[in-house]
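A short write-up of the structure that comes next.
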Amino acid sequence: MADSQRRILTTHAGSLPRPNELSELLGRKSRQEPTDERALDELVFRSTASVVARQLEAGIDIGNDGEQGRESFFTYVQHRMTGFSGRSQRPVMSDLVHYPTFLALKAPEFARVQVDLMHAPMATGEVRYVARGAIEKQCDDFRHALAAQERQFTAAFMTAPSPGIVAAAMLNSHYESMRDYVMALSGALRVEYQTIIAHGLVLQLDCPDLAMERHTSFAGKPLRDFLAFVALVVEAINRAIEGLPRDSVRMHVCWGNYEGPHNDDVPLEAIIEHLYQAKVGALMLSMANPRHAHEYRCFTQHPLPRHLRLIVGAIDTTSNYVEHPEVVAERIERVALAIGDPNRVMAGTDCGFATSAGLGEVADEVVWLKLRALSDGAAIASKRLFG
């Protein structure tokens with residue numbers, strides 16, 4: 001994993017806009033409807049090449065394939081693992097339940113979603129990873145898209161879900177306990193984690209569960225119950241990445257990539273020491289949105305361990321406002337000052353821009369403007385922090 005030596009490096013959380021035709025095909029595949037796999041492969045290949053080029057044009061230093069071939073950031077595992085069928089009934093985030101007029105306001109947006117993340121398949125049998133060829137192909141396609149570019153990323157990454165978000169959203173009706181289910185997922189996902197790193201890519205673990213489940217699965221329950229779940233997931237992550245180079249793994253944590261009140265979000269301070277227990281090389285946190293922008297102060301009371309880098313969420317992925325580069329620079333600078341070492345800071349986004357096919361709150365053109373603002377803001381911060 002690259003360091004921000006004398007310059008703040010830029011990255012993002014993973015998902016980028018997909019063409020409508022691709023989103024529709026991915027939606028059909030997610031619903032187990034007949035899909036033209038050859039047409040899907042061709043669309044994914046072209047779209048991956050496009051998003052790689054556009055990231056480089058926007059000045060992104062550490063980029064990825066935009067998750068173009070995945071229906072969502074976690075439900076795609078149903079096509080690569082055994083044990084999933086039926087339909088889950090995921091709890092709705094508590095901050096949305098409290099405000100029915102807000103739900104009514106957002107209803108038209110929900111109507112165009114291609115992949116239903118609230119009713120994903122559930123675990124009805126033994127969970128095993130059986131389609132290694134799919135992740136091998138995804139890595140190979142990404143490498144091919146990179147090779148076609150004159151410029152190159154400083155480093156490249158690929159995302160994969162944590163055992164916890166799969167367990168929380170793809171509910172269990174097979175294993176005797178949540179622990180058994182999470183640990184089974186840990187063993188299965190290890191195949192994907194190993195393959196990504198074997199292809200020379202940085203592995204990004206997507207872990208919204210480590211924050212968002214407080215106001216979803218654990219809404220109304222004692223905080224200690226949620227923290228026990230966080231500890232279990234971190235244990236499962238550490239087991240899944242055991243033996244993999246720490247420097248090649250980064251962990252993304254957020255409170256849910258949706259516009260909403262978010263007034264039930266767990267404070268970063270309540271979970272930060274648990275996050276530090278993950279044996280990863282970098283932590284990526286949402287720090288641009290209005291609910292969590294102040295939490296850079298946590299790092300003065302809970303110093304970032306020496307082995308960790310921090311990727312600062314400096315761009316909000318749920319708003320069509322294009323951040324001014326000076327705003328981005330200020331967000332980066334205040335975190336760097338709180339940590340005390342700008343070399344361990346990178347700039348990123350709060351979350352992805354298209355966490356599932358058809359679901360994105362930012363217009364496609366605006367996404368690229370925001371990523372350009374991220375790069376421009378990081379350049380300004382670099383001059384101030386490094387001289």
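In the structure tokens, chains take the letters A, B, ... in the order shown, each chain's residues start at 1, and ligands count up from 1 in the order shown.
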Which residues, written as a list of chain:residue names, have at least one atom at most 7 Å from stretch 289-300 of chain A, with only C-alpha atoms counted and residues fewer than 5 positions away on the same chain left out?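 Result of the neighbour search: A:His262, A:Leu268, A:Glu269, A:Asp316, A:Val335, A:Ala338, A:Ile339.
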Selection file, C-alpha atoms, as a PDB file, in the first residue's frame:
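What ended up in out.pdb:
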```
ATOM      1  CA  HIS A 262     -28.582   9.511  10.575  1.00  0.00           C
ATOM      2  CA  LEU A 268     -17.151   6.884  16.197  1.00  0.00           C
ATOM      3  CA  GLU A 269     -15.789   7.167  19.731  1.00  0.00           C
ATOM      4  CA  ASP A 316     -19.914  13.110   0.554  1.00  0.00           C
ATOM      5  CA  VAL A 335      -7.424  15.111  10.299  1.00  0.00           C
ATOM      6  CA  ALA A 338      -5.225  15.530  14.778  1.00  0.00           C
ATOM      7  CA  ILE A 339      -3.145  12.468  13.890  1.00  0.00           C
TER       8      ILE A 339
END
```
Residues at most 8 Å from A:Glu259, counting only C-alpha atoms, excluding those fewer than 5 positions away in the same chain, as an NGL selection string? :A and (318-319 or 361)
Which residues, written as an MDAnalysis selection string, have at least one atom at most 8 Å from stretch 66-78 of chain A, with only C-alpha atoms counted and residues fewer than 6 positions away on the same chain left out? chainID A and resid 14:18 23 26:27 29:30 41 44 47:48 51:52 84 115 117 120:121 138 159:161 165:166 170 206 355:357
Ranking A:Leu205, A:Val280, A:Ala347, A:Ile196 by minimum distance to A:Leu308 and counting only C-alpha atoms, which one comes first?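 Ranking A:Leu205, A:Val280, A:Ala347, A:Ile196 by distance to A:Leu308, first place goes to A:Val280.
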Mind checking which residues fall within 12 Å of A:Val97, counting only C-alpha atoms, ignoring those fewer than 3 positions away in the same chain, and posting them as a compact mmCIF listing (two decimals) with C-alpha atoms, in the first residue's frame?
```txt
# COMPACT_ATOMS: atom_id res chain seq x y z
CA PRO A 91 -34.60 -4.55 9.36
CA VAL A 92 -35.00 -1.03 8.06
CA MET A 93 -32.58 1.53 9.48
CA SER A 94 -34.17 3.05 12.55
CA PRO A 100 -42.47 8.33 7.34
CA THR A 101 -42.62 11.60 5.44
CA PHE A 102 -38.96 11.19 4.57
CA LEU A 103 -39.63 7.68 3.25
CA ALA A 104 -42.46 9.05 1.12
CA HIS A 215 -29.19 1.39 14.01
CA THR A 216 -30.25 -1.57 11.87
CA ALA A 219 -31.66 -0.86 16.86
CA GLY A 260 -31.18 10.28 5.74
CA PRO A 261 -31.32 11.83 9.20
CA HIS A 262 -28.58 9.51 10.58
CA ASN A 263 -29.41 10.76 14.07
CA ASP A 264 -29.33 7.19 15.38
```
To one decimal place, how far is atom CA of A:Ser162 from atom CA of A:Leu227 in Å?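 Separating atom CA of A:Ser162 from atom CA of A:Leu227 is a distance of 16.0 Å.
The protein and nucleic acid residues lying at most 7 Å from stretch 237-244 of chain A are Ser162, Ser186, Gly187, Arg190, Val233, Val234, Ala278 and Lys279 of chain A, with only C-alpha atoms considered and sequence neighbours fewer than 3 positions away removed.
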Output of the above residues as a PDB file, in the first residue's frame, restricted to C-alpha atoms:
```pdb
ATOM      1  CA  SER A 162     -16.779  -8.353   5.393  1.00  0.00           C
ATOM      2  CA  SER A 186     -14.984 -15.868   7.201  1.00  0.00           C
ATOM      3  CA  GLY A 187     -13.661 -19.158   5.842  1.00  0.00           C
ATOM      4  CA  ARG A 190     -10.888 -15.942   2.682  1.00  0.00           C
ATOM      5  CA  VAL A 233     -16.782  -9.583  13.134  1.00  0.00           C
ATOM      6  CA  VAL A 234     -13.309  -8.188  13.782  1.00  0.00           C
ATOM      7  CA  ALA A 278      -8.490  -5.350  13.004  1.00  0.00           C
ATOM      8  CA  LYS A 279      -5.122  -6.468  11.634  1.00  0.00           C
TER       9      LYS A 279
END
```
Run DSSP on the backbone of this structure and report the residues of stretch 200-254 of chain A it assigns to strand (DSSP E), as a PyMOL selection string. chain A and resi 202-206+249-253
Measuring between only C-alpha atoms, which one of A:Gln152, A:Ser286, A:Gln32, A:Asn20 shows the shortest distance to A:Asn64?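 The shortest atom-to-atom distance to A:Asn64 comes from A:Gln152.
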Taking only C-alpha atoms into account, produce a table as CSV in which each residue of stretch 57-152 of chain A with an atom at most 7 Å from an atom of stretch 173-185 of chain A appears once, together with its shortest atom pair and the distance in Å to one decimal, ordered by chain and rising number.
```
residue,atom,partner,partner_atom,distance
A:Ala123,CA,A:Ser173,CA,5.7
A:Thr124,CA,A:His174,CA,5.0
A:Gly125,CA,A:His174,CA,5.5
A:Val127,CA,A:Ala184,CA,6.4
```
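Nearest residue to A:Gln149 among A:Ala49, A:Ala13, A:Ala288, A:Ala282 is A:Ala49, counting only C-alpha atoms.
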So what do you get for atom CA of A:Ala198 versus atom CA of A:Leu304, distance-wise? 28.1 Å
Just the helix (DSSP H, G or I) stuff from stretch 65-108 of chain A, please, per backbone DSSP, written as a list of chain:residue names.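 Residues meeting the helix (DSSP H, G or I) criterion: A:Thr75, A:Tyr76, A:Val77, A:Gln78, A:His79, A:Ser94, A:Asp95, A:Leu96, A:Val97, A:Pro100, A:Thr101, A:Phe102, A:Leu103, A:Ala104, A:Leu105, A:Lys106, A:Ala107, A:Pro108.
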Using C-alpha atoms, can you export the residues from the last selection as a PDB file, in the first residue's frame?
```pdb
ATOM      1  CA  THR A  75     -25.106  -9.750  -2.739  1.00  0.00           C
ATOM      2  CA  TYR A  76     -22.910 -10.856  -5.648  1.00  0.00           C
ATOM      3  CA  VAL A  77     -21.530 -13.563  -3.333  1.00  0.00           C
ATOM      4  CA  GLN A  78     -24.711 -15.566  -3.961  1.00  0.00           C
ATOM      5  CA  HIS A  79     -23.253 -16.393  -7.395  1.00  0.00           C
ATOM      6  CA  SER A  94     -34.168   3.053  12.553  1.00  0.00           C
ATOM      7  CA  ASP A  95     -33.595   6.664  11.497  1.00  0.00           C
ATOM      8  CA  LEU A  96     -35.761   6.039   8.422  1.00  0.00           C
ATOM      9  CA  VAL A  97     -38.541   4.256  10.312  1.00  0.00           C
ATOM     10  CA  PRO A 100     -42.471   8.326   7.344  1.00  0.00           C
ATOM     11  CA  THR A 101     -42.616  11.602   5.440  1.00  0.00           C
ATOM     12  CA  PHE A 102     -38.958  11.191   4.575  1.00  0.00           C
ATOM     13  CA  LEU A 103     -39.629   7.680   3.248  1.00  0.00           C
ATOM     14  CA  ALA A 104     -42.456   9.053   1.119  1.00  0.00           C
ATOM     15  CA  LEU A 105     -40.105  11.713  -0.237  1.00  0.00           C
ATOM     16  CA  LYS A 106     -37.557   9.071  -1.258  1.00  0.00           C
ATOM     17  CA  ALA A 107     -40.064   6.574  -2.682  1.00  0.00           C
ATOM     18  CA  PRO A 108     -39.453   7.485  -6.369  1.00  0.00           C
TER      19      PRO A 108
END
```
